[in-house]
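> Mind having a look at this structure? Questions to follow.
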Amino acid sequence: MEIEFIKNALTKNSISGGGYYSKKCEELINQKFNFDSFLTTSCTTALEVVTLLANLEPGDEVIMPSYTFVGSATPFILRGCTPVFVDINSRTQNIDEEKIGDSITNKTKAILIVHYAGISPDIDKIKLLCEKHNLILIEDAAQALGSKYKDNFLGSFGEFSTFSFHDTKNITSGEGGLININNNDFIERAQIIIEKGTDRSKFLRGMVDKYTWKDIGSSFIPSELNSAFLYAQLIKFDEIHIKRKNLWFFYKSLFDDIASSYPIQLPFIPSYCEQNYHMFYIKLPSLKIREKVISYLREMGIHVVSHYVPLHSSPAGKHFCRYDGDMLNTNTTSNTLVRLPMFIGLKRTDQKNIAQLIKKVLMKEM
């Protein structure tokens with residue numbers, strides 16, 4: 001279906017952004033998730049749009065976790081802001097709701113929450129902090145399309161939320177992203193910023209006879225080829241979701257058995273959350289054992305990987321950002337977490353083999 005749609009896109013008058021498939025994607029997403037959203041070239045550029053809509057300025061501080069992808073921080077640094085890193089909750093790998101308050105200063109303008117593995121923090125607690133201190137809530141929902149918090153889709157809670165359609169995500173266009181806007185006051189300006197600072201979107205809708213430069217902006221729109229691929233993926237959303245759900249629960253059954261004998265930590269799903277089955281990971285007892293697991297499985301031809309190197313410990317993080325506290329949970333998670341293969345073509349025999357090989361390492365090392 002993806003190839004069919006790409007071929008069809010090539011027959012259109014133009015393959016630049018904002019055409020037939022871009023509109024079809026946005027219509028489908030907005031209808032399915034009750035969003036007011038626009039496609040972007042990545043989740044990172046979607047966050048760049050957020051920084052402009054929020055009028056963030058040099059010297060402003062934005063609170064966020066350090067255990068995240070660099071794209072969560074760089075858009076704010078580009079605006080001269082200072083990311084302020086807060087430690088994570090060791091059970092969910094999300095920002096620790098109880099530690100955010102200690103990092104709020106008179107320079108704080110926003111809190112960015114990252115829904116790690118499609119699981120959210122306790123959003124109600126964080127929203128109370130935002131209301132108390134008049135802060136903007138931003139959801140980095142790169143991994144969370146289709147996940148829910150208390151029966152509402154993630155991306156519905158912050159003033160702004162962003163998603164990724166990178167090759168590693170459940171729904172992909174190779175490279176791509178989405179910005180959702182939960183405040184109607186920002187919709188028109190978002191359209192202008194995304195369209196290089198012009199009112200081209202009005203021109204395409206026949207509302208003006210020519211478009212002009214209105215505001216700051218950049219080229220944030222993906223091509224029709226990306227959108228054609230994405231549309232085929234979105235049509236299969238439910239099918240992909242069910243397959244990933246089955247894979248996730250089969251992994252859980254295998255590792256529940258291993259966890260009964262060895263001190264490994266499995267993903268924790270809070271009662272308030274309905275996940276999208278983006279990732280299955282385990283946390284091992286130590287960095288040494290984690291590295292032995294990764295090395296041994298790679299020797300067996302199985303590609304397993306760790307995840308984020310904490311941003312606060314990186315050269316750029318030390319230069320552009322600051323953090324509060326000892327970041328113990330962040331550092332521990334970074335040293336012990338391993339992600340297991342998770343794609344819809346994965347076979348149960350492969351999953352069993354992965355679990356058996358990891359158990360073999362644990363038996364040897366413990």
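In the structure tokens, each chain is lettered A, B, ... as it comes, each chain's residues begin at 1, and ligands are numbered from 1 in order of appearance.
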Need to verify the contact set: stretch 340-345 of chain A, 8 Å, only C-alpha atoms, exclusion of same-chain residues closer than 6 positions in sequence. Can you return it as a list in words?

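In the requested form, the answer reads Ile240, Lys243, Arg244, Leu247, Trp248, His278, Met279, Phe280, Tyr281, Ile282, His303, Val304 and Val305 of chain A.
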
> With only C-alpha atoms as the counted atoms, please give the residues lying no more than 7 Å from A:Gly19, apart from itself and same-chain residues fewer than 3 positions off, as a ChimeraX atom specification.

/A:22-23,224

> With C-alpha atoms kept, could you save the residues just selected as an mmCIF file, in the first residue's frame?


data_model
loop_
_atom_site.group_PDB
_atom_site.id
_atom_site.type_symbol
_atom_site.label_atom_id
_atom_site.label_comp_id
_atom_site.auth_asym_id
_atom_site.auth_seq_id
_atom_site.Cartn_x
_atom_site.Cartn_y
_atom_site.Cartn_z
ATOM 1 C CA SER A 22 -0.619 15.733 3.658
ATOM 2 C CA LYS A 23 -4.259 16.735 4.020
ATOM 3 C CA GLU A 224 4.008 14.482 -0.387
#

> Tell me which protein, DNA and RNA residues are within 8 Å of A:Leu287, counting only C-alpha atoms, leaving out same-chain ones fewer than 4 positions away, and put them as a ChimeraX atom specification.

/A:291,335-336

> Might you pull out every residue within 10 Å of A:Leu266, with only C-alpha atoms counted and same-chain residues fewer than 6 positions away left off, and present them as a ChimeraX atom specification?

/A:91-92,251-252,255-256,259,280-284,337

> Restricting the output to C-alpha atoms, write the selected residues as an mmCIF file, in the first residue's frame.


data_model
loop_
_atom_site.group_PDB
_atom_site.id
_atom_site.type_symbol
_atom_site.label_atom_id
_atom_site.label_comp_id
_atom_site.auth_asym_id
_atom_site.auth_seq_id
_atom_site.Cartn_x
_atom_site.Cartn_y
_atom_site.Cartn_z
ATOM 1 C CA ARG A 91 9.497 2.671 37.719
ATOM 2 C CA THR A 92 8.208 4.545 34.657
ATOM 3 C CA TYR A 251 7.541 -10.830 25.937
ATOM 4 C CA LYS A 252 5.982 -10.083 29.316
ATOM 5 C CA PHE A 255 10.212 -12.340 31.294
ATOM 6 C CA ASP A 256 7.728 -12.671 34.147
ATOM 7 C CA ALA A 259 11.978 -12.201 36.864
ATOM 8 C CA PHE A 280 9.604 -3.653 25.543
ATOM 9 C CA TYR A 281 12.646 -3.184 27.746
ATOM 10 C CA ILE A 282 14.161 -4.784 30.801
ATOM 11 C CA LYS A 283 16.435 -3.295 33.431
ATOM 12 C CA LEU A 284 19.284 -5.568 34.453
ATOM 13 C CA LEU A 337 18.141 -0.665 30.590
#

> Give me every strand (DSSP E or B) residue in stretch 9-166 of chain A, going by DSSP on the backbone, as a PDB file with N, CA and C atoms, in the first residue's frame.


ATOM      1  N   SER A  37      -4.050  19.180  14.539  1.00  0.00           N
ATOM      2  CA  SER A  37      -2.627  18.935  14.338  1.00  0.00           C
ATOM      3  C   SER A  37      -2.184  19.215  12.911  1.00  0.00           C
ATOM      4  N   PHE A  38      -0.857  19.356  12.764  1.00  0.00           N
ATOM      5  CA  PHE A  38      -0.239  19.624  11.470  1.00  0.00           C
ATOM      6  C   PHE A  38       1.018  18.773  11.344  1.00  0.00           C
ATOM      7  N   LEU A  39       1.244  18.231  10.158  1.00  0.00           N
ATOM      8  CA  LEU A  39       2.447  17.455   9.919  1.00  0.00           C
ATOM      9  C   LEU A  39       3.670  18.359   9.918  1.00  0.00           C
ATOM     10  N   THR A  40       4.787  17.796  10.376  1.00  0.00           N
ATOM     11  CA  THR A  40       6.081  18.479  10.316  1.00  0.00           C
ATOM     12  C   THR A  40       7.122  17.471   9.816  1.00  0.00           C
ATOM     13  N   GLU A  61      13.767  29.325  31.209  1.00  0.00           N
ATOM     14  CA  GLU A  61      14.104  27.953  31.590  1.00  0.00           C
ATOM     15  C   GLU A  61      12.942  27.011  31.291  1.00  0.00           C
ATOM     16  N   VAL A  62      13.280  25.817  30.825  1.00  0.00           N
ATOM     17  CA  VAL A  62      12.281  24.791  30.525  1.00  0.00           C
ATOM     18  C   VAL A  62      12.690  23.520  31.258  1.00  0.00           C
ATOM     19  N   ILE A  63      11.834  23.040  32.133  1.00  0.00           N
ATOM     20  CA  ILE A  63      12.112  21.835  32.912  1.00  0.00           C
ATOM     21  C   ILE A  63      11.783  20.603  32.071  1.00  0.00           C
ATOM     22  N   MET A  64      12.661  19.608  32.099  1.00  0.00           N
ATOM     23  CA  MET A  64      12.466  18.381  31.325  1.00  0.00           C
ATOM     24  C   MET A  64      13.336  17.279  31.915  1.00  0.00           C
ATOM     25  N   PRO A  65      13.096  16.028  31.533  1.00  0.00           N
ATOM     26  CA  PRO A  65      13.987  14.959  31.976  1.00  0.00           C
ATOM     27  C   PRO A  65      15.285  14.964  31.191  1.00  0.00           C
ATOM     28  N   THR A  82      17.318  27.714  28.604  1.00  0.00           N
ATOM     29  CA  THR A  82      18.124  26.764  29.369  1.00  0.00           C
ATOM     30  C   THR A  82      17.265  25.578  29.778  1.00  0.00           C
ATOM     31  N   PRO A  83      17.515  24.393  29.216  1.00  0.00           N
ATOM     32  CA  PRO A  83      16.852  23.198  29.741  1.00  0.00           C
ATOM     33  C   PRO A  83      17.340  22.909  31.156  1.00  0.00           C
ATOM     34  N   VAL A  84      16.408  22.630  32.033  1.00  0.00           N
ATOM     35  CA  VAL A  84      16.729  22.284  33.422  1.00  0.00           C
ATOM     36  C   VAL A  84      16.289  20.841  33.629  1.00  0.00           C
ATOM     37  N   PHE A  85      17.263  19.965  33.853  1.00  0.00           N
ATOM     38  CA  PHE A  85      16.973  18.540  33.933  1.00  0.00           C
ATOM     39  C   PHE A  85      16.576  18.119  35.345  1.00  0.00           C
ATOM     40  N   VAL A  86      15.556  17.271  35.393  1.00  0.00           N
ATOM     41  CA  VAL A  86      15.060  16.713  36.652  1.00  0.00           C
ATOM     42  C   VAL A  86      15.151  15.195  36.551  1.00  0.00           C
ATOM     43  N   ILE A  88      14.359  11.118  36.948  1.00  0.00           N
ATOM     44  CA  ILE A  88      13.183  10.359  36.542  1.00  0.00           C
ATOM     45  C   ILE A  88      12.689   9.462  37.668  1.00  0.00           C
ATOM     46  N   ILE A  95       9.827  11.664  33.873  1.00  0.00           N
ATOM     47  CA  ILE A  95      10.201  12.699  34.832  1.00  0.00           C
ATOM     48  C   ILE A  95       9.478  12.465  36.161  1.00  0.00           C
ATOM     49  N   THR A 108      11.490  30.024  35.057  1.00  0.00           N
ATOM     50  CA  THR A 108      10.840  28.872  34.443  1.00  0.00           C
ATOM     51  C   THR A 108       9.617  29.321  33.646  1.00  0.00           C
ATOM     52  N   LYS A 109       9.552  28.883  32.392  1.00  0.00           N
ATOM     53  CA  LYS A 109       8.424  29.243  31.538  1.00  0.00           C
ATOM     54  C   LYS A 109       7.596  28.032  31.110  1.00  0.00           C
ATOM     55  N   ALA A 110       8.187  26.841  31.158  1.00  0.00           N
ATOM     56  CA  ALA A 110       7.458  25.665  30.668  1.00  0.00           C
ATOM     57  C   ALA A 110       7.994  24.406  31.317  1.00  0.00           C
ATOM     58  N   ILE A 111       7.151  23.391  31.326  1.00  0.00           N
ATOM     59  CA  ILE A 111       7.546  22.038  31.711  1.00  0.00           C
ATOM     60  C   ILE A 111       7.297  21.139  30.504  1.00  0.00           C
ATOM     61  N   LEU A 112       8.339  20.426  30.096  1.00  0.00           N
ATOM     62  CA  LEU A 112       8.214  19.477  29.005  1.00  0.00           C
ATOM     63  C   LEU A 112       8.249  18.066  29.580  1.00  0.00           C
ATOM     64  N   ILE A 113       7.179  17.315  29.339  1.00  0.00           N
ATOM     65  CA  ILE A 113       7.143  15.921  29.791  1.00  0.00           C
ATOM     66  C   ILE A 113       7.336  15.013  28.583  1.00  0.00           C
ATOM     67  N   VAL A 114       8.098  13.958  28.778  1.00  0.00           N
ATOM     68  CA  VAL A 114       8.384  12.982  27.723  1.00  0.00           C
ATOM     69  C   VAL A 114       7.690  11.681  28.093  1.00  0.00           C
ATOM     70  N   ILE A 136       3.699  26.826  30.948  1.00  0.00           N
ATOM     71  CA  ILE A 136       3.189  26.128  29.775  1.00  0.00           C
ATOM     72  C   ILE A 136       3.535  24.648  29.902  1.00  0.00           C
ATOM     73  N   LEU A 137       2.562  23.780  29.635  1.00  0.00           N
ATOM     74  CA  LEU A 137       2.811  22.344  29.622  1.00  0.00           C
ATOM     75  C   LEU A 137       2.975  21.875  28.177  1.00  0.00           C
ATOM     76  N   ILE A 138       4.101  21.217  27.914  1.00  0.00           N
ATOM     77  CA  ILE A 138       4.412  20.697  26.580  1.00  0.00           C
ATOM     78  C   ILE A 138       4.580  19.184  26.691  1.00  0.00           C
ATOM     79  N   GLU A 139       3.922  18.459  25.798  1.00  0.00           N
ATOM     80  CA  GLU A 139       4.076  17.004  25.772  1.00  0.00           C
ATOM     81  C   GLU A 139       4.988  16.603  24.611  1.00  0.00           C
ATOM     82  N   ASP A 140       6.113  15.988  24.948  1.00  0.00           N
ATOM     83  CA  ASP A 140       6.932  15.327  23.937  1.00  0.00           C
ATOM     84  C   ASP A 140       6.407  13.896  23.868  1.00  0.00           C
ATOM     85  N   LYS A 148      -2.910   6.402  26.057  1.00  0.00           N
ATOM     86  CA  LYS A 148      -3.898   7.212  26.756  1.00  0.00           C
ATOM     87  C   LYS A 148      -3.502   7.448  28.215  1.00  0.00           C
ATOM     88  N   TYR A 149      -3.983   8.553  28.746  1.00  0.00           N
ATOM     89  CA  TYR A 149      -3.925   8.864  30.172  1.00  0.00           C
ATOM     90  C   TYR A 149      -5.356   9.084  30.628  1.00  0.00           C
ATOM     91  N   ASN A 152      -8.035   9.458  27.883  1.00  0.00           N
ATOM     92  CA  ASN A 152      -7.834  10.472  26.851  1.00  0.00           C
ATOM     93  C   ASN A 152      -6.459  10.288  26.216  1.00  0.00           C
ATOM     94  N   PHE A 153      -6.383  10.510  24.912  1.00  0.00           N
ATOM     95  CA  PHE A 153      -5.133  10.283  24.199  1.00  0.00           C
ATOM     96  C   PHE A 153      -4.032  11.221  24.682  1.00  0.00           C
ATOM     97  N   PHE A 160       0.664  22.368  23.958  1.00  0.00           N
ATOM     98  CA  PHE A 160       1.227  21.849  22.708  1.00  0.00           C
ATOM     99  C   PHE A 160       1.740  20.432  22.946  1.00  0.00           C
ATOM    100  N   SER A 161       1.661  19.619  21.911  1.00  0.00           N
ATOM    101  CA  SER A 161       2.258  18.278  21.986  1.00  0.00           C
ATOM    102  C   SER A 161       2.867  17.933  20.635  1.00  0.00           C
ATOM    103  N   THR A 162       3.859  17.077  20.671  1.00  0.00           N
ATOM    104  CA  THR A 162       4.565  16.728  19.445  1.00  0.00           C
ATOM    105  C   THR A 162       4.744  15.211  19.357  1.00  0.00           C
ATOM    106  N   PHE A 163       4.749  14.706  18.116  1.00  0.00           N
ATOM    107  CA  PHE A 163       4.862  13.271  17.865  1.00  0.00           C
ATOM    108  C   PHE A 163       5.909  13.024  16.787  1.00  0.00           C
ATOM    109  N   SER A 164       6.386  11.778  16.754  1.00  0.00           N
ATOM    110  CA  SER A 164       7.392  11.398  15.774  1.00  0.00           C
ATOM    111  C   SER A 164       6.871  10.272  14.880  1.00  0.00           C
ATOM    112  N   HIS A 166       9.356   8.844  12.950  1.00  0.00           N
ATOM    113  CA  HIS A 166      10.674   8.330  12.586  1.00  0.00           C
ATOM    114  C   HIS A 166      10.595   6.831  12.323  1.00  0.00           C
TER     115      HIS A 166
END

> What is the atom CA of A:Asp326-atom CA of A:Ser66 distance in Å, reported with one decimal?

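Spanning atom CA of A:Asp326 to atom CA of A:Ser66 is a straight-line distance of 11.8 Å.
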
> Which residue gives the smallest distance to A:Leu129 among A:Ala73, A:Ile100, A:Met363, A:Ala142, with only C-alpha atoms counted?

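Distance minimum relative to A:Leu129 lands on A:Ile100.
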
> Could you tell me which of A:Pro58, A:Gly158, A:Gly118, A:Gly146 comes closest to A:Cys130 if we count only C-alpha atoms?

A:Gly158

> Which residue is closest to A:Gly325? Choose from A:Thr45, A:Thr68, A:Ser103, A:Asn353 and count only C-alpha atoms.

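The shortest atom-to-atom distance to A:Gly325 comes from A:Ser103.
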
> Quick one: pull the distance between atom CA of A:Ile15 and atom CA of A:Thr172, Å, one decimal.

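Atom CA of A:Thr172 lies 18.4 Å from atom CA of A:Ile15.
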
> What's the 7 Å shell around A:Trp213, counting only C-alpha atoms, without same-chain residues fewer than 2 positions away, as JSON, numbers by chain?

{"A": [197, 198, 199, 215]}

> Which is closer to A:Asn8 than all the others in A:Ala228, A:Ser260, A:Tyr116, A:Glu239, using only C-alpha atoms?

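Smallest separation from A:Asn8 among the options: A:Ala228.
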
> Under the rule that only C-alpha atoms are counted, which of A:Thr332, A:Asn276, A:Ser42, A:Gln191 is the nearest residue to A:Ser120?

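Of all the options, A:Asn276 lies closest to A:Ser120.
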
> Let me make sure I understand: among A:Leu135, A:Cys273, A:Ile123, A:Val293, which one has the smallest atom-to-atom distance to A:Ile104 if we use only C-alpha atoms?

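Closest residue, counting only C-alpha atoms: A:Leu135.
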